[in-house]
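Below is the file query-v2.cif, which contains mmCIF, C-alpha atoms (C1' of nucleotides).
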```cif
data_run
loop_
_atom_site.label_atom_id
_atom_site.label_comp_id
_atom_site.auth_asym_id
_atom_site.auth_seq_id
_atom_site.Cartn_x
_atom_site.Cartn_y
_atom_site.Cartn_z
CA MET A 1 30.69 1.59 27.33
CA LYS A 2 30.74 -0.27 24.10
CA THR A 3 27.42 -0.77 22.35
CA LYS A 4 26.61 -4.23 21.11
CA ASN A 5 27.60 -4.93 17.56
CA ARG A 6 26.26 -8.37 16.66
CA TYR A 7 22.52 -8.90 16.56
CA LYS A 8 20.51 -11.85 15.39
CA ILE A 9 17.40 -11.02 13.46
CA GLY A 10 15.08 -11.70 16.38
CA GLU A 11 16.94 -9.23 18.54
CA LEU A 12 16.58 -6.53 15.91
CA ALA A 13 12.89 -7.30 15.73
CA LYS A 14 12.48 -6.84 19.47
CA LEU A 15 14.53 -3.66 19.55
CA THR A 16 12.73 -1.98 16.66
CA GLY A 17 9.25 -3.37 17.11
CA MET A 18 9.31 -4.83 13.61
CA THR A 19 8.64 -8.44 12.73
CA VAL A 20 11.43 -10.80 11.77
CA GLU A 21 9.72 -11.25 8.42
CA ALA A 22 9.59 -7.51 7.74
CA ILE A 23 13.31 -7.24 8.45
CA ARG A 24 14.11 -10.08 6.06
CA PHE A 25 11.89 -8.31 3.55
CA TYR A 26 13.84 -5.06 3.94
CA GLU A 27 17.06 -6.98 3.46
CA SER A 28 15.69 -8.49 0.27
CA LYS A 29 14.98 -4.95 -0.92
CA ASN A 30 18.52 -3.90 0.01
CA LEU A 31 17.47 -1.35 2.58
CA ILE A 32 19.73 -3.10 5.06
CA GLN A 33 22.41 -5.76 4.81
CA ALA A 34 23.47 -8.54 7.11
CA SER A 35 27.04 -7.71 8.06
CA ASP A 36 27.84 -11.37 8.55
CA ARG A 37 26.40 -14.88 8.53
CA LEU A 38 27.01 -17.67 10.98
CA PRO A 39 28.12 -21.00 9.51
CA SER A 40 24.51 -22.05 10.01
CA GLY A 41 23.32 -19.29 7.72
CA TYR A 42 21.93 -17.13 10.53
CA ARG A 43 22.11 -13.43 9.68
CA ILE A 44 24.22 -11.17 11.89
CA PHE A 45 23.62 -7.41 11.85
CA ASN A 46 25.81 -4.67 13.32
CA ALA A 47 24.80 -1.47 15.10
CA HIS A 48 24.88 0.50 11.87
CA GLU A 49 22.20 -1.72 10.36
CA LEU A 50 20.15 -1.27 13.51
CA ASP A 51 20.36 2.49 13.00
CA LYS A 52 19.22 2.04 9.42
CA LEU A 53 16.20 0.08 10.58
CA TRP A 54 15.22 2.91 12.90
CA PHE A 55 15.58 5.34 10.04
CA VAL A 56 13.36 3.15 7.88
CA ARG A 57 10.70 3.16 10.58
CA ARG A 58 10.75 6.90 11.00
CA ALA A 59 10.79 7.66 7.30
CA LYS A 60 7.96 5.25 6.67
CA ALA A 61 5.88 6.94 9.35
CA VAL A 62 6.05 10.21 7.47
CA GLY A 63 4.95 8.76 4.18
CA PHE A 64 8.13 7.84 2.33
CA SER A 65 8.00 4.71 0.19
CA LEU A 66 10.66 2.04 0.57
CA ASP A 67 12.16 3.16 -2.72
CA GLU A 68 12.46 6.72 -1.51
CA ILE A 69 13.93 5.57 1.78
CA SER A 70 16.45 3.52 -0.13
CA GLU A 71 17.42 6.63 -2.07
CA LEU A 72 17.87 8.60 1.14
CA LEU A 73 19.98 5.88 2.71
CA GLU A 74 22.24 5.75 -0.29
CA LEU A 75 22.86 9.48 -0.34
CA ARG A 76 26.41 10.07 0.66
CA LEU A 77 29.20 12.46 -0.13
CA HIS A 78 31.74 11.18 -2.56
CA PRO A 79 35.09 12.76 -3.20
CA ASN A 80 34.37 13.87 -6.74
CA ASP A 81 32.45 16.74 -8.22
CA HIS A 82 30.20 14.63 -10.37
CA SER A 83 28.53 12.87 -7.50
CA CYS A 84 28.68 16.04 -5.47
CA GLN A 85 26.45 17.78 -7.97
CA GLU A 86 24.07 14.86 -7.80
CA VAL A 87 23.93 15.01 -4.03
CA LYS A 88 23.29 18.76 -4.15
CA GLN A 89 20.43 18.16 -6.53
CA VAL A 90 18.84 15.26 -4.72
CA THR A 91 19.12 16.85 -1.30
CA ALA A 92 17.63 20.10 -2.58
CA ASP A 93 14.70 18.24 -4.13
CA LYS A 94 14.06 16.12 -1.07
CA MET A 95 14.30 19.09 1.23
CA ALA A 96 11.67 20.94 -0.76
CA GLN A 97 9.45 17.88 -0.69
CA ILE A 98 9.89 17.52 3.05
CA GLN A 99 9.20 21.20 3.63
CA GLU A 100 5.89 20.79 1.81
CA LYS A 101 4.97 17.90 4.05
CA ILE A 102 5.85 19.91 7.13
CA ASP A 103 3.64 22.75 5.91
CA GLU A 104 0.74 20.39 5.29
CA LEU A 105 1.12 18.84 8.69
CA GLN A 106 1.27 22.21 10.36
CA SER A 107 -1.92 23.39 8.75
CA ILE A 108 -3.74 20.21 9.68
CA HIS A 109 -2.32 20.51 13.19
CA SER A 110 -3.52 24.05 13.50
CA SER A 111 -7.00 23.11 12.29
CA LEU A 112 -7.17 20.31 14.81
CA ASN A 113 -6.11 22.72 17.47
CA THR A 114 -8.85 25.16 16.60
CA LEU A 115 -11.34 22.32 16.72
CA HIS A 116 -9.89 21.20 20.03
CA GLN A 117 -10.16 24.68 21.56
CA ALA A 118 -13.63 25.26 20.22
CA CYS A 119 -14.86 22.20 22.05
CA CYS A 120 -17.06 22.67 25.09
CA GLY A 121 -17.75 26.34 24.62
CA GLY A 122 -14.83 27.92 22.85
CA PRO A 123 -15.70 31.23 21.21
CA GLU A 124 -15.59 29.79 17.68
CA SER A 125 -17.93 26.90 18.32
CA ALA A 126 -20.85 28.59 16.63
CA GLU A 127 -19.11 29.43 13.39
CA HIS A 128 -16.67 26.57 12.82
CA CYS A 129 -17.44 22.96 13.18
CA THR A 130 -15.29 20.81 10.92
CA ILE A 131 -11.68 20.60 9.89
CA LEU A 132 -12.53 21.71 6.41
CA GLN A 133 -14.37 24.81 7.56
CA ILE A 134 -11.40 25.71 9.71
CA LEU A 135 -8.87 25.06 6.97
CA ASN A 136 -10.93 27.20 4.63
CA SER A 137 -11.49 30.05 7.04
CA GLU A 138 -7.81 30.09 7.95
CA ALA A 139 -6.85 30.15 4.32
CA LYS A 140 -8.77 33.37 3.98
CA LEU A 141 -6.73 35.22 6.61
CA MET B 142 -17.94 36.24 -7.59
CA LYS B 143 -19.75 33.03 -6.99
CA THR B 144 -17.66 29.88 -7.15
CA LYS B 145 -18.97 27.02 -9.21
CA ASN B 146 -21.04 24.51 -7.32
CA ARG B 147 -21.81 21.67 -9.70
CA TYR B 148 -18.98 19.53 -11.00
CA LYS B 149 -19.04 16.35 -13.02
CA ILE B 150 -16.52 13.77 -12.03
CA GLY B 151 -14.19 14.54 -14.92
CA GLU B 152 -13.99 18.18 -13.89
CA LEU B 153 -13.02 17.21 -10.35
CA ALA B 154 -10.37 14.95 -11.77
CA LYS B 155 -8.85 17.78 -13.80
CA LEU B 156 -9.00 20.23 -10.92
CA THR B 157 -7.39 17.93 -8.38
CA GLY B 158 -5.03 15.95 -10.60
CA MET B 159 -6.69 12.71 -9.56
CA THR B 160 -8.14 10.13 -11.92
CA VAL B 161 -11.87 9.73 -12.38
CA GLU B 162 -11.51 6.16 -11.11
CA ALA B 163 -9.72 7.23 -7.95
CA ILE B 164 -12.51 9.70 -7.21
CA ARG B 165 -15.16 7.02 -7.66
CA PHE B 166 -13.08 4.83 -5.41
CA TYR B 167 -13.03 7.51 -2.69
CA GLU B 168 -16.77 7.87 -3.02
CA SER B 169 -17.16 4.11 -2.57
CA LYS B 170 -15.14 4.43 0.64
CA ASN B 171 -17.35 7.32 1.77
CA LEU B 172 -14.59 9.89 1.86
CA ILE B 173 -16.70 12.08 -0.37
CA GLN B 174 -20.31 12.01 -1.54
CA ALA B 175 -21.97 13.04 -4.75
CA SER B 176 -24.31 15.85 -3.79
CA ASP B 177 -26.65 14.99 -6.64
CA ARG B 178 -27.15 12.71 -9.63
CA LEU B 179 -28.40 13.62 -13.07
CA PRO B 180 -31.33 11.57 -14.41
CA SER B 181 -28.70 9.73 -16.41
CA GLY B 182 -26.95 8.66 -13.25
CA TYR B 183 -24.01 11.04 -13.68
CA ARG B 184 -22.59 12.15 -10.34
CA ILE B 185 -22.67 15.85 -9.43
CA PHE B 186 -20.35 17.18 -6.74
CA ASN B 187 -20.45 20.55 -5.00
CA ALA B 188 -17.60 22.82 -3.94
CA HIS B 189 -17.51 21.30 -0.48
CA GLU B 190 -16.75 17.89 -1.92
CA LEU B 191 -14.02 19.45 -4.02
CA ASP B 192 -12.49 20.84 -0.82
CA LYS B 193 -12.66 17.40 0.72
CA LEU B 194 -10.81 15.93 -2.24
CA TRP B 195 -8.02 18.45 -1.75
CA PHE B 196 -7.87 17.53 1.89
CA VAL B 197 -7.63 13.87 0.98
CA ARG B 198 -4.71 14.61 -1.32
CA ARG B 199 -2.82 16.59 1.27
CA ALA B 200 -3.43 14.16 4.09
CA LYS B 201 -2.40 11.24 1.92
CA ALA B 202 0.85 12.99 1.04
CA VAL B 203 1.83 13.09 4.70
CA GLY B 204 1.19 9.44 5.33
CA PHE B 205 -2.39 9.21 6.57
CA SER B 206 -4.37 6.15 5.49
CA LEU B 207 -7.77 6.57 3.92
CA ASP B 208 -9.33 5.31 7.15
CA GLU B 209 -7.54 7.96 9.16
CA ILE B 210 -8.48 10.63 6.65
CA SER B 211 -12.06 9.53 6.92
CA GLU B 212 -11.86 9.93 10.69
CA LEU B 213 -10.45 13.42 10.33
CA LEU B 214 -13.12 14.42 7.85
CA GLU B 215 -15.85 13.22 10.15
CA LEU B 216 -14.56 15.15 13.14
CA ARG B 217 -16.98 17.88 13.87
CA LEU B 218 -18.33 19.72 16.85
CA HIS B 219 -21.69 18.56 18.09
CA PRO B 220 -23.85 20.44 20.53
CA ASN B 221 -23.59 17.93 23.33
CA ASP B 222 -20.93 17.18 25.89
CA HIS B 223 -20.63 13.51 25.11
CA SER B 224 -19.43 14.00 21.56
CA CYS B 225 -17.47 17.03 22.70
CA GLN B 226 -15.37 14.84 24.95
CA GLU B 227 -14.78 12.50 22.05
CA VAL B 228 -13.66 15.31 19.81
CA LYS B 229 -11.32 16.61 22.52
CA GLN B 230 -9.82 13.16 22.81
CA VAL B 231 -9.46 12.45 19.11
CA THR B 232 -8.04 15.86 18.29
CA ALA B 233 -5.54 15.61 21.13
CA ASP B 234 -4.39 12.19 19.93
CA LYS B 235 -4.10 13.22 16.32
CA MET B 236 -2.27 16.40 17.21
CA ALA B 237 0.32 14.44 19.15
CA GLN B 238 0.70 12.04 16.25
CA ILE B 239 1.11 14.92 13.81
CA GLN B 240 3.63 16.63 16.04
CA GLU B 241 5.73 13.48 16.01
CA LYS B 242 5.65 13.42 12.24
CA ILE B 243 6.68 17.06 12.10
CA ASP B 244 9.61 16.33 14.40
CA GLU B 245 10.72 13.38 12.27
CA LEU B 246 10.50 15.44 9.13
CA GLN B 247 12.45 18.26 10.68
CA SER B 248 15.28 16.03 11.75
CA ILE B 249 15.46 14.42 8.33
CA HIS B 250 15.32 17.87 6.77
CA SER B 251 18.12 19.09 8.94
CA SER B 252 20.27 16.07 8.07
CA LEU B 253 19.67 16.63 4.41
CA ASN B 254 20.63 20.23 4.84
CA THR B 255 23.90 19.31 6.52
CA LEU B 256 24.61 16.91 3.68
CA HIS B 257 23.70 19.63 1.19
CA GLN B 258 25.99 22.19 2.79
CA ALA B 259 28.85 19.76 3.17
CA CYS B 260 28.85 19.16 -0.56
CA CYS B 261 31.70 20.57 -2.61
CA GLY B 262 33.92 21.51 0.25
CA GLY B 263 31.80 22.35 3.25
CA PRO B 264 33.70 22.19 6.52
CA GLU B 265 32.02 18.96 7.60
CA SER B 266 32.75 17.01 4.47
CA ALA B 267 35.57 15.10 6.07
CA GLU B 268 33.67 13.92 9.12
CA HIS B 269 30.14 13.33 7.92
CA CYS B 270 29.10 11.63 4.78
CA THR B 271 25.70 10.01 5.10
CA ILE B 272 22.32 10.87 6.49
CA LEU B 273 22.71 8.33 9.20
CA GLN B 274 26.04 9.68 10.37
CA ILE B 275 24.54 13.14 10.51
CA LEU B 276 21.41 12.01 12.32
CA ASN B 277 23.57 10.18 14.82
CA SER B 278 26.03 12.99 15.36
CA GLU B 279 23.20 15.49 15.76
CA ALA B 280 21.49 13.24 18.23
CA LYS B 281 24.57 13.50 20.40
CA LEU B 282 24.44 17.29 20.69
"C1'" DA C 283 20.96 -35.30 25.19
"C1'" DT C 284 16.94 -33.49 24.39
"C1'" DT C 285 13.50 -30.05 24.02
"C1'" DG C 286 11.81 -25.53 23.09
"C1'" DA C 287 12.90 -21.35 20.96
"C1'" DC C 288 15.03 -19.52 17.02
"C1'" DT C 289 16.43 -19.27 12.17
"C1'" DC C 290 16.67 -20.62 7.29
"C1'" DT C 291 14.60 -20.66 2.23
"C1'" DA C 292 10.94 -20.68 -0.79
"C1'" DT C 293 6.46 -19.82 -1.94
"C1'" DA C 294 1.82 -18.42 -1.36
"C1'" DG C 295 -1.52 -15.33 0.57
"C1'" DT C 296 -3.21 -10.66 2.28
"C1'" DT C 297 -4.48 -5.68 2.50
"C1'" DA C 298 -4.65 -1.00 0.87
"C1'" DG C 299 -5.22 1.75 -2.75
"C1'" DC C 300 -5.95 2.15 -6.80
"C1'" DT C 301 -6.23 0.85 -12.38
"C1'" DT C 302 -8.05 -1.64 -16.19
"C1'" DT C 303 -11.49 -3.75 -18.92
"C1'" DA C 304 -15.95 -4.46 -20.91
"C1'" DG C 305 -20.17 -3.23 -22.40
"C1'" DA C 306 -23.80 0.12 -22.40
"C1'" DG C 307 -25.87 4.59 -22.08
"C1'" DT C 308 -25.36 10.09 -22.19
"C1'" DT C 309 -23.80 14.75 -23.51
"C1'" DT C 310 -21.97 18.02 -26.43
"C1'" DA C 311 -20.00 20.10 -30.34
"C1'" DT C 312 -20.39 20.44 -35.13
"C1'" DA D 313 -28.07 14.01 -36.37
"C1'" DT D 314 -24.07 12.07 -35.64
"C1'" DA D 315 -19.60 11.34 -33.82
"C1'" DA D 316 -16.35 12.23 -30.17
"C1'" DA D 317 -15.97 12.63 -25.50
"C1'" DC D 318 -17.82 11.54 -21.22
"C1'" DT D 319 -20.08 8.68 -17.68
"C1'" DC D 320 -22.12 4.48 -15.65
"C1'" DT D 321 -21.65 -0.35 -13.13
"C1'" DA D 322 -19.46 -4.50 -12.13
"C1'" DA D 323 -15.66 -7.26 -11.91
"C1'" DA D 324 -11.00 -8.37 -12.53
"C1'" DG D 325 -6.20 -7.01 -12.22
"C1'" DC D 326 -2.13 -4.71 -10.28
"C1'" DT D 327 1.68 -2.88 -7.05
"C1'" DA D 328 3.68 -2.09 -2.60
"C1'" DA D 329 4.55 -3.82 1.58
"C1'" DC D 330 4.11 -7.11 4.15
"C1'" DT D 331 2.36 -11.77 6.57
"C1'" DA D 332 1.78 -16.65 6.79
"C1'" DT D 333 2.97 -21.41 5.89
"C1'" DA D 334 5.81 -25.46 5.32
"C1'" DG D 335 9.56 -28.12 6.06
"C1'" DA D 336 14.19 -28.39 7.67
"C1'" DG D 337 18.15 -27.16 10.26
"C1'" DT D 338 20.40 -24.66 14.64
"C1'" DC D 339 21.09 -22.89 19.27
"C1'" DA D 340 20.66 -22.66 24.29
"C1'" DA D 341 19.20 -24.28 28.57
"C1'" DT D 342 18.29 -28.00 31.55
#
```
Could you spell out this file's structure in structure tokens?
Amino acid sequence: MKTKNRYKIGELAKLTGMTVEAIRFYESKNLIQASDRLPSGYRIFNAHELDKLWFVRRAKAVGFSLDEISELLELRLHPNDHSCQEVKQVTADKMAQIQEKIDELQSIHSSLNTLHQACCGGPESAEHCTILQILNSEAKL
Amino acid sequence: MKTKNRYKIGELAKLTGMTVEAIRFYESKNLIQASDRLPSGYRIFNAHELDKLWFVRRAKAVGFSLDEISELLELRLHPNDHSCQEVKQVTADKMAQIQEKIDELQSIHSSLNTLHQACCGGPESAEHCTILQILNSEAKL
DNA sequence: ATTGACTCTATAGTTAGCTTTAGAGTTTAT
DNA sequence: ATAAACTCTAAAGCTAACTATAGAGTCAAT
């Protein structure tokens, strides 16, 4: 089964839940590129660009700016050592940054969970009553 | 050892790495509150407000809006079932949302790691060369 | 063949989250 | 006691990331 490979901008919008205008905006920022144009000027996008749009959505949801997303999308192995060193460096930096975000999210998640459990008569309900108090008391462990 | 409990706005700024103006802005949005004012009008913040500022910083870094952060900060157990149900609901929703973010971050992290390893002669360097290709190939596993 | 849905470019407007500016008073270190 | 550093309010300005508007052309279904 072959997957479709020519999408008009409105189709992309429906598939990704973005607006047509947002997609044109991302194109103007070079996050994606129309793979073709009809004689009328209509943009045509291929499946690869659709994948990129999904990536943009996901990366945005976790707090990356469009500039950072652009950097991630442009990361690619090249067959020479110069760019290889660059990729090693950038990936290492980004991974560290992402790991920090994961850690933050996990501690917020765990605080929310404590709050959730303490609801309606959990054993901690007397001592802990806000996210901050939980974050602080957990930090002391 | 008692921890300090009266901070002027400039001290908070130094401690948290925020600007004085940003802190006043957060106060204007009710994310934090001055616990006191000097006769001169100078704001005085206590240690609890300092903790809140740190929370704001961390939550912002993982993509929460100030409105969402405000919601999280206001979450607290109350001694009646009505608000308890609300807290249960809100915490459950936020936890699910956070878990999604963690999953996104982990898949991006793992793609970056593959890219990182493939650099300079890793075994995958021939097949995979961008984040997207890695994300896609991993999705197929 | 025509009409309704879609797309184009260009430009202006919007919202969130700050930053800057201006002018005036306050604190603190010498 | 005075100057440097800090703080105040109010209002305007800025950047990122869109959204909306206008006017014109295009496509698809009847």
With a distance cut-off of 10 Å and all atoms listed in the file, select the neighbouring residues of Lys94 (chain A), excluding the residue or stretch itself and same-chain residues fewer than 5 positions from it, and output the selection as a list in words.
-> Glu68, Leu72, Gln89, Gln99 and Glu100 of chain A; Ile249, His250, Leu253 and Asn254 of chain B
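Rounded to one decimal, CA of Ile32 (chain A) and CA of Asn46 (chain A) lie 10.4 Å from each other.
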Which value, in Å to one decimal, gives the distance between CA of Leu66 (chain A) and CA of Asn30 (chain A)?
->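 Atom-to-atom, CA of Leu66 (chain A) and CA of Asn30 (chain A) are spaced 9.9 Å apart.
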Take the PyMOL selection byres ((chain B) within 9 of (chain A)), apply it to the structure above, and return the hits as a PyMOL selection string.
-> chain B and resi 189+192-193+196+199-205+213-222+225-226+228-233+235-237+239-240+242-247+249-251+253-254+256-261+266+269-273+277
Using only C-alpha atoms (C1' of nucleotides), which of the listed residues (D:DT319, D:DT338, D:DT333, D:DT314) sits closest to chain A?
-> D:DT338
Taking into account only C-alpha atoms (C1' of nucleotides), which residue in the set C:DT303, C:DT289, C:DT296, C:DT308 is nearest to chain A?
->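 Smallest separation from chain A among the options: C:DT289.
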Nearest to chain C among B:Phe166, B:Met159, B:Asn146, B:Ser211, with distances taken over all atoms listed in the file: which residue is it?
->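 Smallest distance to chain C is found for B:Phe166.
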Quick one: which residues from chain A are at most 10 Å off chain D, using only C-alpha atoms (C1' of nucleotides), as a PyMOL selection string?
-> chain A and resi 19+21-22+25-26+39-42+65-67
Using C-alpha atoms, can you export the residues from the last selection as a PDB file, keeping the file's coordinate frame?
```
ATOM      1  CA  THR A  19       8.640  -8.440  12.730  1.00  0.00           C
ATOM      2  CA  GLU A  21       9.720 -11.250   8.420  1.00  0.00           C
ATOM      3  CA  ALA A  22       9.590  -7.510   7.740  1.00  0.00           C
ATOM      4  CA  PHE A  25      11.890  -8.310   3.550  1.00  0.00           C
ATOM      5  CA  TYR A  26      13.840  -5.060   3.940  1.00  0.00           C
ATOM      6  CA  PRO A  39      28.120 -21.000   9.510  1.00  0.00           C
ATOM      7  CA  SER A  40      24.510 -22.050  10.010  1.00  0.00           C
ATOM      8  CA  GLY A  41      23.320 -19.290   7.720  1.00  0.00           C
ATOM      9  CA  TYR A  42      21.930 -17.130  10.530  1.00  0.00           C
ATOM     10  CA  SER A  65       8.000   4.710   0.190  1.00  0.00           C
ATOM     11  CA  LEU A  66      10.660   2.040   0.570  1.00  0.00           C
ATOM     12  CA  ASP A  67      12.160   3.160  -2.720  1.00  0.00           C
TER      13      ASP A  67
END
```
Computed interatomic separation between CA of Ala154 (chain B) and CA of Ile134 (chain A) (Å) |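 That distance, rounded to one decimal, is 24.0 Å.
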For the file shown, what are the residues hit by the PyMOL selection byres ((chain C) within 12 of (chain A)), laid out as a PDB file with C-alpha atoms (C1' of nucleotides), in the coordinates of the input?
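The result, written out as part_36.pdb:
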```
ATOM      1  C1'  DA C 287      12.900 -21.350  20.960  1.00  0.00           C
ATOM      2  C1'  DC C 288      15.030 -19.520  17.020  1.00  0.00           C
ATOM      3  C1'  DT C 289      16.430 -19.270  12.170  1.00  0.00           C
ATOM      4  C1'  DC C 290      16.670 -20.620   7.290  1.00  0.00           C
ATOM      5  C1'  DT C 291      14.600 -20.660   2.230  1.00  0.00           C
TER       6       DT C 291
END
```
Enclosing box along x, y and z for every listed atom of region 315-328 of chain D, padded 8 Å each side, centre and size in Å, one decimal, as JSON:
```
{"center_x": -9.2, "center_y": 2.1, "center_z": -18.2, "size_x": 41.8, "size_y": 37.0, "size_z": 47.2}
```
Apply the PyMOL selection byres ((chain B and resi 148) around 6) to the structure shown and report the selected residues as a ChimeraX atom specification.
-> /B:147,149,152,185-186
